[in-house]
$ cat input24.csv   # CSV, N, CA, C and O atoms
chain,number,residue,atom,x,y,z
A,1,MET,N,0.8,-1.2,0.0
A,1,MET,CA,0.0,0.0,0.0
A,1,MET,C,0.9,1.2,0.0
A,1,MET,O,1.8,1.3,0.8
A,2,GLU,N,0.6,2.2,-0.9
A,2,GLU,CA,1.3,3.5,-0.9
A,2,GLU,C,0.4,4.6,-0.3
A,2,GLU,O,-0.8,4.5,-0.3
A,3,PHE,N,1.1,5.5,0.3
A,3,PHE,CA,0.4,6.7,0.8
A,3,PHE,C,1.3,7.9,0.8
A,3,PHE,O,2.5,7.8,0.6
A,4,ARG,N,0.7,9.1,0.9
A,4,ARG,CA,1.4,10.4,0.9
A,4,ARG,C,0.7,11.3,1.8
A,4,ARG,O,-0.6,11.3,1.9
A,5,ILE,N,1.4,12.0,2.6
A,5,ILE,CA,0.8,13.0,3.6
A,5,ILE,C,1.0,14.4,3.0
A,5,ILE,O,2.1,14.8,2.7
A,6,ALA,N,-0.2,15.0,2.8
A,6,ALA,CA,-0.2,16.3,2.1
A,6,ALA,C,0.5,17.4,3.0
A,6,ALA,O,0.5,17.3,4.2
A,7,ALA,N,1.1,18.4,2.4
A,7,ALA,CA,1.8,19.4,3.1
A,7,ALA,C,0.9,20.2,4.0
A,7,ALA,O,1.3,20.9,5.0
A,8,ASP,N,-0.5,20.2,3.8
A,8,ASP,CA,-1.4,20.9,4.6
A,8,ASP,C,-2.1,20.0,5.7
A,8,ASP,O,-3.1,20.4,6.3
A,9,HIS,N,-1.5,18.8,5.9
A,9,HIS,CA,-2.0,17.9,6.9
A,9,HIS,C,-2.0,18.6,8.3
A,9,HIS,O,-1.0,19.3,8.6
A,10,PRO,N,-3.1,18.5,9.1
A,10,PRO,CA,-3.2,19.2,10.4
A,10,PRO,C,-2.1,18.8,11.4
A,10,PRO,O,-1.9,19.6,12.4
A,11,SER,N,-1.4,17.7,11.2
A,11,SER,CA,-0.4,17.4,12.2
A,11,SER,C,0.9,18.1,12.0
A,11,SER,O,1.8,18.0,12.9
A,12,LEU,N,1.1,18.7,10.9
A,12,LEU,CA,2.4,19.2,10.5
A,12,LEU,C,2.8,20.6,11.1
A,12,LEU,O,4.0,20.7,11.5
A,13,PRO,N,1.9,21.5,11.3
A,13,PRO,CA,2.3,22.8,12.0
A,13,PRO,C,3.0,22.5,13.3
A,13,PRO,O,2.4,21.8,14.2
A,14,GLY,N,4.1,23.0,13.5
A,14,GLY,CA,4.9,22.9,14.8
A,14,GLY,C,5.7,21.6,14.9
A,14,GLY,O,6.3,21.3,15.8
A,15,HIS,N,5.6,20.8,13.8
A,15,HIS,CA,6.4,19.5,13.8
A,15,HIS,C,7.3,19.4,12.6
A,15,HIS,O,7.1,18.5,11.8
A,16,PHE,N,8.2,20.1,12.3
A,16,PHE,CA,8.9,21.1,13.1
A,16,PHE,C,9.0,22.3,12.3
A,16,PHE,O,9.1,22.3,11.1
A,17,PRO,N,8.9,23.5,13.0
A,17,PRO,CA,8.9,24.8,12.2
A,17,PRO,C,10.1,24.9,11.3
A,17,PRO,O,11.3,24.6,11.7
A,18,GLY,N,9.9,25.3,10.1
A,18,GLY,CA,11.0,25.5,9.1
A,18,GLY,C,11.3,24.2,8.3
A,18,GLY,O,11.8,24.3,7.2
A,19,ARG,N,11.1,23.1,8.9
A,19,ARG,CA,11.4,21.8,8.1
A,19,ARG,C,10.4,20.7,8.7
A,19,ARG,O,10.8,19.9,9.5
A,20,PRO,N,9.1,20.8,8.2
A,20,PRO,CA,8.2,19.8,8.8
A,20,PRO,C,8.5,18.4,8.4
A,20,PRO,O,9.0,18.1,7.3
A,21,VAL,N,8.3,17.5,9.3
A,21,VAL,CA,8.3,16.1,9.1
A,21,VAL,C,7.0,15.4,9.6
A,21,VAL,O,6.3,16.0,10.4
A,22,VAL,N,6.7,14.3,8.9
A,22,VAL,CA,5.4,13.7,9.3
A,22,VAL,C,5.6,13.0,10.6
A,22,VAL,O,6.6,12.2,10.8
A,23,PRO,N,4.7,13.2,11.6
A,23,PRO,CA,4.9,12.6,12.9
A,23,PRO,C,4.8,11.1,12.8
A,23,PRO,O,4.0,10.5,12.0
A,24,GLY,N,5.6,10.4,13.6
A,24,GLY,CA,5.5,8.9,13.6
A,24,GLY,C,4.2,8.3,13.8
A,24,GLY,O,3.8,7.3,13.2
A,25,VAL,N,3.4,9.0,14.7
A,25,VAL,CA,2.0,8.4,14.9
A,25,VAL,C,1.2,8.4,13.6
A,25,VAL,O,0.3,7.6,13.5
A,26,VAL,N,1.4,9.4,12.8
A,26,VAL,CA,0.6,9.4,11.5
A,26,VAL,C,1.1,8.3,10.6
A,26,VAL,O,0.3,7.6,9.9
A,27,VAL,N,2.4,8.0,10.6
A,27,VAL,CA,2.9,6.9,9.8
A,27,VAL,C,2.3,5.6,10.3
A,27,VAL,O,1.9,4.7,9.6
A,28,LEU,N,2.3,5.4,11.6
A,28,LEU,CA,1.8,4.2,12.2
A,28,LEU,C,0.3,4.0,12.0
A,28,LEU,O,-0.2,2.9,11.8
A,29,ASP,N,-0.4,5.1,12.0
A,29,ASP,CA,-1.8,5.1,11.7
A,29,ASP,C,-2.0,4.5,10.3
A,29,ASP,O,-3.0,3.7,10.0
A,30,ARG,N,-1.2,4.9,9.3
A,30,ARG,CA,-1.3,4.3,8.0
A,30,ARG,C,-1.0,2.8,7.9
A,30,ARG,O,-1.6,2.1,7.2
A,31,VAL,N,0.0,2.4,8.8
A,31,VAL,CA,0.3,1.0,8.9
A,31,VAL,C,-0.9,0.2,9.4
A,31,VAL,O,-1.3,-0.8,8.8
A,32,LEU,N,-1.6,0.7,10.4
A,32,LEU,CA,-2.8,0.1,10.9
A,32,LEU,C,-3.9,0.1,9.9
A,32,LEU,O,-4.6,-0.9,9.8
A,33,ASP,N,-4.1,1.2,9.2
A,33,ASP,CA,-5.0,1.2,8.1
A,33,ASP,C,-4.8,0.1,7.1
A,33,ASP,O,-5.7,-0.5,6.6
A,34,ALA,N,-3.5,-0.1,6.7
A,34,ALA,CA,-3.2,-1.1,5.7
A,34,ALA,C,-3.5,-2.5,6.2
A,34,ALA,O,-4.0,-3.4,5.5
A,35,ILE,N,-3.3,-2.8,7.5
A,35,ILE,CA,-3.6,-4.1,8.1
A,35,ILE,C,-5.1,-4.3,8.1
A,35,ILE,O,-5.6,-5.3,7.6
A,36,GLU,N,-5.9,-3.3,8.5
A,36,GLU,CA,-7.3,-3.4,8.5
A,36,GLU,C,-7.9,-3.5,7.1
A,36,GLU,O,-8.9,-4.1,6.9
A,37,ALA,N,-7.3,-2.8,6.1
A,37,ALA,CA,-7.8,-2.9,4.8
A,37,ALA,C,-7.6,-4.3,4.2
A,37,ALA,O,-8.5,-4.8,3.5
A,38,ALA,N,-6.6,-5.0,4.7
A,38,ALA,CA,-6.3,-6.4,4.2
A,38,ALA,C,-7.1,-7.4,5.0
A,38,ALA,O,-7.4,-8.5,4.5
A,39,HIS,N,-7.4,-7.2,6.3
A,39,HIS,CA,-7.9,-8.2,7.2
A,39,HIS,C,-9.2,-7.8,7.9
A,39,HIS,O,-9.6,-8.6,8.7
A,40,GLY,N,-9.7,-6.6,7.6
A,40,GLY,CA,-10.9,-6.2,8.3
A,40,GLY,C,-10.6,-5.6,9.6
A,40,GLY,O,-9.5,-5.6,10.1
A,41,PRO,N,-11.6,-5.0,10.3
A,41,PRO,CA,-11.4,-4.3,11.6
A,41,PRO,C,-10.9,-5.3,12.6
A,41,PRO,O,-11.3,-6.4,12.7
A,42,LEU,N,-9.9,-4.9,13.4
A,42,LEU,CA,-9.3,-5.7,14.4
A,42,LEU,C,-9.3,-4.9,15.7
A,42,LEU,O,-9.2,-3.7,15.7
A,43,ALA,N,-9.5,-5.6,16.8
A,43,ALA,CA,-9.6,-4.9,18.2
A,43,ALA,C,-8.3,-5.2,18.9
A,43,ALA,O,-7.6,-6.2,18.7
A,44,GLY,N,-7.9,-4.4,19.8
A,44,GLY,CA,-6.8,-4.6,20.7
A,44,GLY,C,-5.5,-4.7,20.0
A,44,GLY,O,-4.7,-5.5,20.3
A,45,LEU,N,-5.2,-3.7,19.1
A,45,LEU,CA,-3.9,-3.8,18.4
A,45,LEU,C,-2.8,-3.2,19.3
A,45,LEU,O,-3.0,-2.2,20.0
A,46,ARG,N,-1.7,-3.8,19.3
A,46,ARG,CA,-0.5,-3.4,20.0
A,46,ARG,C,0.7,-3.3,19.1
A,46,ARG,O,0.8,-4.0,18.1
A,47,LEU,N,1.6,-2.4,19.4
A,47,LEU,CA,2.8,-2.2,18.7
A,47,LEU,C,4.0,-2.5,19.6
A,47,LEU,O,4.6,-1.6,20.2
A,48,PRO,N,4.4,-3.8,19.8
A,48,PRO,CA,5.4,-4.1,20.8
A,48,PRO,C,6.8,-3.7,20.3
A,48,PRO,O,7.7,-3.6,21.2
A,49,GLN,N,7.0,-3.5,19.1
A,49,GLN,CA,8.3,-3.1,18.6
A,49,GLN,C,8.1,-2.2,17.4
A,49,GLN,O,7.5,-2.5,16.4
A,50,VAL,N,8.7,-1.0,17.5
A,50,VAL,CA,8.7,0.0,16.4
A,50,VAL,C,10.1,0.7,16.4
A,50,VAL,O,10.6,1.1,17.4
A,51,LYS,N,10.6,0.9,15.2
A,51,LYS,CA,11.9,1.6,15.0
A,51,LYS,C,11.7,2.6,13.9
A,51,LYS,O,11.3,2.2,12.8
A,52,PHE,N,12.0,3.8,14.1
A,52,PHE,CA,12.0,4.8,13.1
A,52,PHE,C,13.5,5.1,12.6
A,52,PHE,O,14.3,5.4,13.5
A,53,ALA,N,13.7,4.8,11.4
A,53,ALA,CA,15.1,5.0,10.8
A,53,ALA,C,15.4,6.3,10.2
A,53,ALA,O,16.5,6.8,10.3
A,54,GLN,N,14.4,6.8,9.5
A,54,GLN,CA,14.5,8.1,8.8
A,54,GLN,C,13.1,8.8,8.8
A,54,GLN,O,12.1,8.1,8.9
A,55,PRO,N,13.1,10.1,8.7
A,55,PRO,CA,11.8,10.8,8.7
A,55,PRO,C,11.1,10.7,7.3
A,55,PRO,O,11.8,10.6,6.3
A,56,LEU,N,9.8,10.8,7.4
A,56,LEU,CA,9.0,11.0,6.1
A,56,LEU,C,8.7,12.4,6.0
A,56,LEU,O,8.2,13.1,7.0
A,57,LEU,N,8.9,13.0,4.9
A,57,LEU,CA,8.6,14.4,4.7
A,57,LEU,C,7.3,14.6,4.0
A,57,LEU,O,6.8,13.7,3.3
A,58,PRO,N,6.6,15.7,4.2
A,58,PRO,CA,5.3,16.0,3.5
A,58,PRO,C,5.5,15.8,2.0
A,58,PRO,O,6.5,16.2,1.4
A,59,GLU,N,4.5,15.3,1.4
A,59,GLU,CA,4.4,15.1,-0.1
A,59,GLU,C,5.3,13.9,-0.6
A,59,GLU,O,5.2,13.6,-1.8
A,60,GLN,N,6.0,13.3,0.3
A,60,GLN,CA,6.8,12.1,-0.2
A,60,GLN,C,5.9,10.9,-0.2
A,60,GLN,O,5.0,10.8,0.6
A,61,THR,N,6.1,10.0,-1.2
A,61,THR,CA,5.3,8.8,-1.3
A,61,THR,C,6.0,7.7,-0.5
A,61,THR,O,7.2,7.5,-0.7
A,62,ALA,N,5.3,7.0,0.3
A,62,ALA,CA,5.8,5.9,1.1
A,62,ALA,C,5.1,4.7,0.8
A,62,ALA,O,3.9,4.7,0.4
A,63,ARG,N,5.7,3.5,1.0
A,63,ARG,CA,5.1,2.2,0.7
A,63,ARG,C,5.2,1.4,2.0
A,63,ARG,O,6.2,1.4,2.7
A,64,ILE,N,4.1,0.7,2.3
A,64,ILE,CA,4.0,-0.2,3.4
A,64,ILE,C,4.1,-1.6,2.9
A,64,ILE,O,3.3,-2.0,2.1
A,65,GLU,N,5.0,-2.4,3.5
A,65,GLU,CA,5.1,-3.8,3.3
A,65,GLU,C,4.7,-4.6,4.5
A,65,GLU,O,5.2,-4.2,5.6
A,66,LEU,N,3.8,-5.6,4.4
A,66,LEU,CA,3.4,-6.3,5.6
A,66,LEU,C,3.7,-7.8,5.3
A,66,LEU,O,3.5,-8.3,4.2
A,67,ASP,N,4.1,-8.5,6.4
A,67,ASP,CA,4.3,-9.9,6.4
A,67,ASP,C,3.5,-10.5,7.6
A,67,ASP,O,3.8,-10.1,8.7
A,68,ALA,N,2.6,-11.4,7.4
A,68,ALA,CA,1.9,-12.1,8.4
A,68,ALA,C,2.9,-13.1,9.1
A,68,ALA,O,3.7,-13.7,8.5
A,69,LEU,N,2.8,-13.1,10.5
A,69,LEU,CA,3.7,-14.0,11.3
A,69,LEU,C,2.8,-15.1,11.9
A,69,LEU,O,1.6,-14.8,12.3
A,70,ASP,N,3.3,-16.2,12.1
A,70,ASP,CA,2.6,-17.3,12.8
A,70,ASP,C,2.6,-17.0,14.3
A,70,ASP,O,3.5,-16.4,14.9
A,71,GLY,N,1.5,-17.5,14.9
A,71,GLY,CA,1.4,-17.3,16.4
A,71,GLY,C,-0.1,-17.5,16.8
A,71,GLY,O,-1.0,-17.6,16.0
A,72,ALA,N,-0.3,-17.5,18.1
A,72,ALA,CA,-1.7,-17.6,18.7
A,72,ALA,C,-2.5,-16.4,18.3
A,72,ALA,O,-3.7,-16.6,18.1
A,73,ALA,N,-1.9,-15.2,18.3
A,73,ALA,CA,-2.7,-14.0,18.0
A,73,ALA,C,-2.2,-13.5,16.6
A,73,ALA,O,-1.1,-13.8,16.2
A,74,PRO,N,-3.2,-12.9,15.9
A,74,PRO,CA,-2.7,-12.3,14.6
A,74,PRO,C,-1.6,-11.3,14.8
A,74,PRO,O,-1.6,-10.5,15.7
A,75,ARG,N,-0.6,-11.4,13.9
A,75,ARG,CA,0.7,-10.6,14.1
A,75,ARG,C,1.3,-10.4,12.8
A,75,ARG,O,1.3,-11.2,11.9
A,76,TRP,N,1.8,-9.1,12.6
A,76,TRP,CA,2.4,-8.7,11.3
A,76,TRP,C,3.7,-8.0,11.6
A,76,TRP,O,3.8,-7.3,12.5
A,77,ARG,N,4.7,-8.2,10.7
A,77,ARG,CA,5.9,-7.4,10.7
A,77,ARG,C,5.6,-6.4,9.5
A,77,ARG,O,5.1,-6.7,8.5
A,78,PHE,N,6.0,-5.2,9.8
A,78,PHE,CA,5.9,-4.1,8.8
A,78,PHE,C,7.1,-3.4,8.5
A,78,PHE,O,8.1,-3.4,9.3
A,79,ARG,N,7.2,-2.9,7.3
A,79,ARG,CA,8.3,-2.0,6.9
A,79,ARG,C,7.6,-0.8,6.1
A,79,ARG,O,6.7,-1.0,5.3
A,80,VAL,N,8.1,0.4,6.4
A,80,VAL,CA,7.6,1.6,5.6
A,80,VAL,C,8.8,2.1,4.9
A,80,VAL,O,9.9,2.3,5.5
A,81,LEU,N,8.7,2.2,3.6
A,81,LEU,CA,9.8,2.6,2.7
A,81,LEU,C,9.5,3.8,1.9
A,81,LEU,O,8.3,4.0,1.5
A,82,HIS,N,10.5,4.6,1.6
A,82,HIS,CA,10.4,5.7,0.6
A,82,HIS,C,11.5,5.3,-0.4
A,82,HIS,O,12.7,5.4,-0.2
A,83,GLY,N,11.0,4.9,-1.6
A,83,GLY,CA,11.9,4.3,-2.6
A,83,GLY,C,12.5,3.0,-1.9
A,83,GLY,O,11.8,2.2,-1.4
A,84,ASP,N,13.8,3.0,-1.9
A,84,ASP,CA,14.5,1.8,-1.2
A,84,ASP,C,14.9,2.1,0.2
A,84,ASP,O,15.5,1.3,0.9
A,85,ALA,N,14.7,3.4,0.6
A,85,ALA,CA,15.1,3.8,2.0
A,85,ALA,C,14.1,3.4,3.0
A,85,ALA,O,12.9,3.6,2.9
A,86,LEU,N,14.6,2.7,4.1
A,86,LEU,CA,13.7,2.2,5.2
A,86,LEU,C,13.4,3.4,6.1
A,86,LEU,O,14.3,4.1,6.6
A,87,LEU,N,12.1,3.7,6.3
A,87,LEU,CA,11.7,4.8,7.2
A,87,LEU,C,11.4,4.3,8.6
A,87,LEU,O,11.7,4.9,9.6
A,88,ALA,N,10.6,3.1,8.6
A,88,ALA,CA,10.2,2.6,9.9
A,88,ALA,C,10.0,1.1,9.7
A,88,ALA,O,9.7,0.6,8.6
A,89,SER,N,10.1,0.4,10.8
A,89,SER,CA,9.8,-1.0,10.8
A,89,SER,C,9.3,-1.4,12.2
A,89,SER,O,9.5,-0.7,13.2
A,90,GLY,N,8.7,-2.6,12.3
A,90,GLY,CA,8.2,-3.1,13.6
A,90,GLY,C,7.2,-4.2,13.5
A,90,GLY,O,7.1,-4.9,12.4
A,91,GLU,N,6.5,-4.4,14.6
A,91,GLU,CA,5.5,-5.5,14.6
A,91,GLU,C,4.2,-4.9,15.2
A,91,GLU,O,4.2,-4.0,16.0
A,92,VAL,N,3.1,-5.5,14.7
A,92,VAL,CA,1.7,-5.2,15.2
A,92,VAL,C,1.1,-6.5,15.6
A,92,VAL,O,1.2,-7.5,14.9
A,93,VAL,N,0.5,-6.5,16.8
A,93,VAL,CA,-0.1,-7.7,17.3
A,93,VAL,C,-1.6,-7.4,17.6
A,93,VAL,O,-1.9,-6.3,18.2
A,94,ALA,N,-2.5,-8.2,17.2
A,94,ALA,CA,-3.9,-8.1,17.6
A,94,ALA,C,-4.3,-9.0,18.7
A,94,ALA,O,-3.6,-10.1,18.9
A,95,ASP,N,-5.3,-8.7,19.4
A,95,ASP,CA,-5.8,-9.7,20.5
A,95,ASP,C,-6.1,-11.0,19.8
A,95,ASP,O,-6.6,-11.0,18.7
A,96,ALA,N,-5.8,-12.1,20.5
A,96,ALA,CA,-6.2,-13.4,20.0
A,96,ALA,C,-7.7,-13.6,19.9
A,96,ALA,O,-8.4,-13.0,20.7
A,97,PRO,N,-8.1,-14.3,18.9
A,97,PRO,CA,-9.6,-14.5,18.7
A,97,PRO,C,-10.1,-15.2,19.9
A,97,PRO,O,-9.4,-16.1,20.5
A,98,ALA,N,-11.3,-14.9,20.3
A,98,ALA,CA,-11.9,-15.6,21.5
A,98,ALA,C,-12.4,-17.0,21.2
A,98,ALA,O,-12.6,-17.4,20.1
$ encode --input "input24.csv" --output "structure tokens"
Amino acid sequence: MEFRIAADHPSLPGHFPGRPVVPGVVVLDRVLDAIEAAHGPLAGLRLPQVKFAQPLLPEQTARIELDALDGAAPRWRFRVLHGDALLASGEVVADAPA
């Protein structure tokens, strides 16, 4: 899944003046959107591991790669890339089905 955060996104003012970067929480929100687009709504999502390697700038296109992992609860490894550059990576875990 690809996404782009517009330069007029409401999270950008003040983050950071003179050289805005997309807040990590906005990037992670897009990761969760990609998981739910592929698997439907999920409850109790956790992010036990996240690493930000480089910032995403407004108007840059980023790509989300997801890999499903085996386990008792639904779990995914994600990578967010701009071209070949890694921006963020980590894991998302959903509550185990009842």
$ closest_residue --input "input24.csv" --among "A:Leu56, A:Ala96, A:Ala6, A:Val31" --to "Arg79 of chain A" --atoms "only C-alpha atoms"
A:Val31
$ atom_distance --input "input24.csv" --atom1 "atom CA of Trp76 of chain A" --atom2 "atom CA of Pro55 of chain A"
21.8 Å
$ atom_distance --input "input24.csv" --atom1 "atom CA of Asp67 of chain A" --atom2 "atom CA of Val22 of chain A"
23.8 Å
$ residues_around --input "input24.csv" --residues "Lys51 of chain A" --least-positions-apart "4" --cutoff "7 Å" --atoms "all atoms listed in the file" --output "ChimeraX atom specification"
/A:87-91
$ residues_near_point --input "input24.csv" --point "(6.3, 18.3, 6.9)" --cutoff "5 Å" --atoms "all atoms listed in the file" --output "number ranges by chain"
A: 15, 20-22, 57-58
$ select_by_dssp --input "input24.csv" --residues "chain A" --states "strand (DSSP E)" --output "ChimeraX atom specification"
/A:2-4,46-52,61-69,75-82,85-93
$ write_last_selection --input "input24.csv" --atoms "N, CA, C and O atoms" --output "compact mmCIF listing (two decimals), in the coordinates of the input"
# COMPACT_ATOMS: atom_id res chain seq x y z
N GLU A 2 0.60 2.20 -0.90
CA GLU A 2 1.30 3.50 -0.90
C GLU A 2 0.40 4.60 -0.30
O GLU A 2 -0.80 4.50 -0.30
N PHE A 3 1.10 5.50 0.30
CA PHE A 3 0.40 6.70 0.80
C PHE A 3 1.30 7.90 0.80
O PHE A 3 2.50 7.80 0.60
N ARG A 4 0.70 9.10 0.90
CA ARG A 4 1.40 10.40 0.90
C ARG A 4 0.70 11.30 1.80
O ARG A 4 -0.60 11.30 1.90
N ARG A 46 -1.70 -3.80 19.30
CA ARG A 46 -0.50 -3.40 20.00
C ARG A 46 0.70 -3.30 19.10
O ARG A 46 0.80 -4.00 18.10
N LEU A 47 1.60 -2.40 19.40
CA LEU A 47 2.80 -2.20 18.70
C LEU A 47 4.00 -2.50 19.60
O LEU A 47 4.60 -1.60 20.20
N PRO A 48 4.40 -3.80 19.80
CA PRO A 48 5.40 -4.10 20.80
C PRO A 48 6.80 -3.70 20.30
O PRO A 48 7.70 -3.60 21.20
N GLN A 49 7.00 -3.50 19.10
CA GLN A 49 8.30 -3.10 18.60
C GLN A 49 8.10 -2.20 17.40
O GLN A 49 7.50 -2.50 16.40
N VAL A 50 8.70 -1.00 17.50
CA VAL A 50 8.70 0.00 16.40
C VAL A 50 10.10 0.70 16.40
O VAL A 50 10.60 1.10 17.40
N LYS A 51 10.60 0.90 15.20
CA LYS A 51 11.90 1.60 15.00
C LYS A 51 11.70 2.60 13.90
O LYS A 51 11.30 2.20 12.80
N PHE A 52 12.00 3.80 14.10
CA PHE A 52 12.00 4.80 13.10
C PHE A 52 13.50 5.10 12.60
O PHE A 52 14.30 5.40 13.50
N THR A 61 6.10 10.00 -1.20
CA THR A 61 5.30 8.80 -1.30
C THR A 61 6.00 7.70 -0.50
O THR A 61 7.20 7.50 -0.70
N ALA A 62 5.30 7.00 0.30
CA ALA A 62 5.80 5.90 1.10
C ALA A 62 5.10 4.70 0.80
O ALA A 62 3.90 4.70 0.40
N ARG A 63 5.70 3.50 1.00
CA ARG A 63 5.10 2.20 0.70
C ARG A 63 5.20 1.40 2.00
O ARG A 63 6.20 1.40 2.70
N ILE A 64 4.10 0.70 2.30
CA ILE A 64 4.00 -0.20 3.40
C ILE A 64 4.10 -1.60 2.90
O ILE A 64 3.30 -2.00 2.10
N GLU A 65 5.00 -2.40 3.50
CA GLU A 65 5.10 -3.80 3.30
C GLU A 65 4.70 -4.60 4.50
O GLU A 65 5.20 -4.20 5.60
N LEU A 66 3.80 -5.60 4.40
CA LEU A 66 3.40 -6.30 5.60
C LEU A 66 3.70 -7.80 5.30
O LEU A 66 3.50 -8.30 4.20
N ASP A 67 4.10 -8.50 6.40
CA ASP A 67 4.30 -9.90 6.40
C ASP A 67 3.50 -10.50 7.60
O ASP A 67 3.80 -10.10 8.70
N ALA A 68 2.60 -11.40 7.40
CA ALA A 68 1.90 -12.10 8.40
C ALA A 68 2.90 -13.10 9.10
O ALA A 68 3.70 -13.70 8.50
N LEU A 69 2.80 -13.10 10.50
CA LEU A 69 3.70 -14.00 11.30
C LEU A 69 2.80 -15.10 11.90
O LEU A 69 1.60 -14.80 12.30
N ARG A 75 -0.60 -11.40 13.90
CA ARG A 75 0.70 -10.60 14.10
C ARG A 75 1.30 -10.40 12.80
O ARG A 75 1.30 -11.20 11.90
N TRP A 76 1.80 -9.10 12.60
CA TRP A 76 2.40 -8.70 11.30
C TRP A 76 3.70 -8.00 11.60
O TRP A 76 3.80 -7.30 12.50
N ARG A 77 4.70 -8.20 10.70
CA ARG A 77 5.90 -7.40 10.70
C ARG A 77 5.60 -6.40 9.50
O ARG A 77 5.10 -6.70 8.50
N PHE A 78 6.00 -5.20 9.80
CA PHE A 78 5.90 -4.10 8.80
C PHE A 78 7.10 -3.40 8.50
O PHE A 78 8.10 -3.40 9.30
N ARG A 79 7.20 -2.90 7.30
CA ARG A 79 8.30 -2.00 6.90
C ARG A 79 7.60 -0.80 6.10
O ARG A 79 6.70 -1.00 5.30
N VAL A 80 8.10 0.40 6.40
CA VAL A 80 7.60 1.60 5.60
C VAL A 80 8.80 2.10 4.90
O VAL A 80 9.90 2.30 5.50
N LEU A 81 8.70 2.20 3.60
CA LEU A 81 9.80 2.60 2.70
C LEU A 81 9.50 3.80 1.90
O LEU A 81 8.30 4.00 1.50
N HIS A 82 10.50 4.60 1.60
CA HIS A 82 10.40 5.70 0.60
C HIS A 82 11.50 5.30 -0.40
O HIS A 82 12.70 5.40 -0.20
N ALA A 85 14.70 3.40 0.60
CA ALA A 85 15.10 3.80 2.00
C ALA A 85 14.10 3.40 3.00
O ALA A 85 12.90 3.60 2.90
N LEU A 86 14.60 2.70 4.10
CA LEU A 86 13.70 2.20 5.20
C LEU A 86 13.40 3.40 6.10
O LEU A 86 14.30 4.10 6.60
N LEU A 87 12.10 3.70 6.30
CA LEU A 87 11.70 4.80 7.20
C LEU A 87 11.40 4.30 8.60
O LEU A 87 11.70 4.90 9.60
N ALA A 88 10.60 3.10 8.60
CA ALA A 88 10.20 2.60 9.90
C ALA A 88 10.00 1.10 9.70
O ALA A 88 9.70 0.60 8.60
N SER A 89 10.10 0.40 10.80
CA SER A 89 9.80 -1.00 10.80
C SER A 89 9.30 -1.40 12.20
O SER A 89 9.50 -0.70 13.20
N GLY A 90 8.70 -2.60 12.30
CA GLY A 90 8.20 -3.10 13.60
C GLY A 90 7.20 -4.20 13.50
O GLY A 90 7.10 -4.90 12.40
N GLU A 91 6.50 -4.40 14.60
CA GLU A 91 5.50 -5.50 14.60
C GLU A 91 4.20 -4.90 15.20
O GLU A 91 4.20 -4.00 16.00
N VAL A 92 3.10 -5.50 14.70
CA VAL A 92 1.70 -5.20 15.20
C VAL A 92 1.10 -6.50 15.60
O VAL A 92 1.20 -7.50 14.90
N VAL A 93 0.50 -6.50 16.80
CA VAL A 93 -0.10 -7.70 17.30
C VAL A 93 -1.60 -7.40 17.60
O VAL A 93 -1.90 -6.30 18.20
$ select_by_dssp --input "input24.csv" --residues "segment 14-49 of chain A" --states "alpha helix (DSSP H)" --output "compact mmCIF listing (two decimals) with N, CA, C and O atoms, keeping the file's coordinate frame"
# COMPACT_ATOMS: atom_id res chain seq x y z
N GLY A 24 5.60 10.40 13.60
CA GLY A 24 5.50 8.90 13.60
C GLY A 24 4.20 8.30 13.80
O GLY A 24 3.80 7.30 13.20
N VAL A 25 3.40 9.00 14.70
CA VAL A 25 2.00 8.40 14.90
C VAL A 25 1.20 8.40 13.60
O VAL A 25 0.30 7.60 13.50
N VAL A 26 1.40 9.40 12.80
CA VAL A 26 0.60 9.40 11.50
C VAL A 26 1.10 8.30 10.60
O VAL A 26 0.30 7.60 9.90
N VAL A 27 2.40 8.00 10.60
CA VAL A 27 2.90 6.90 9.80
C VAL A 27 2.30 5.60 10.30
O VAL A 27 1.90 4.70 9.60
N LEU A 28 2.30 5.40 11.60
CA LEU A 28 1.80 4.20 12.20
C LEU A 28 0.30 4.00 12.00
O LEU A 28 -0.20 2.90 11.80
N ASP A 29 -0.40 5.10 12.00
CA ASP A 29 -1.80 5.10 11.70
C ASP A 29 -2.00 4.50 10.30
O ASP A 29 -3.00 3.70 10.00
N ARG A 30 -1.20 4.90 9.30
CA ARG A 30 -1.30 4.30 8.00
C ARG A 30 -1.00 2.80 7.90
O ARG A 30 -1.60 2.10 7.20
N VAL A 31 0.00 2.40 8.80
CA VAL A 31 0.30 1.00 8.90
C VAL A 31 -0.90 0.20 9.40
O VAL A 31 -1.30 -0.80 8.80
N LEU A 32 -1.60 0.70 10.40
CA LEU A 32 -2.80 0.10 10.90
C LEU A 32 -3.90 0.10 9.90
O LEU A 32 -4.60 -0.90 9.80
N ASP A 33 -4.10 1.20 9.20
CA ASP A 33 -5.00 1.20 8.10
C ASP A 33 -4.80 0.10 7.10
O ASP A 33 -5.70 -0.50 6.60
N ALA A 34 -3.50 -0.10 6.70
CA ALA A 34 -3.20 -1.10 5.70
C ALA A 34 -3.50 -2.50 6.20
O ALA A 34 -4.00 -3.40 5.50
N ILE A 35 -3.30 -2.80 7.50
CA ILE A 35 -3.60 -4.10 8.10
C ILE A 35 -5.10 -4.30 8.10
O ILE A 35 -5.60 -5.30 7.60
N GLU A 36 -5.90 -3.30 8.50
CA GLU A 36 -7.30 -3.40 8.50
C GLU A 36 -7.90 -3.50 7.10
O GLU A 36 -8.90 -4.10 6.90
N ALA A 37 -7.30 -2.80 6.10
CA ALA A 37 -7.80 -2.90 4.80
C ALA A 37 -7.60 -4.30 4.20
O ALA A 37 -8.50 -4.80 3.50
N ALA A 38 -6.60 -5.00 4.70
CA ALA A 38 -6.30 -6.40 4.20
C ALA A 38 -7.10 -7.40 5.00
O ALA A 38 -7.40 -8.50 4.50
N HIS A 39 -7.40 -7.20 6.30
CA HIS A 39 -7.90 -8.20 7.20
C HIS A 39 -9.20 -7.80 7.90
O HIS A 39 -9.60 -8.60 8.70
$ atom_distance --input "input24.csv" --atom1 "atom CA of Ala85 of chain A" --atom2 "atom N of Ala68 of chain A"
20.4 Å
$ residues_around --input "input24.csv" --residues "Arg4 of chain A" --least-positions-apart "6" --cutoff "7 Å" --atoms "only C-alpha atoms" --output "PyMOL selection string"
chain A and resi 59-62
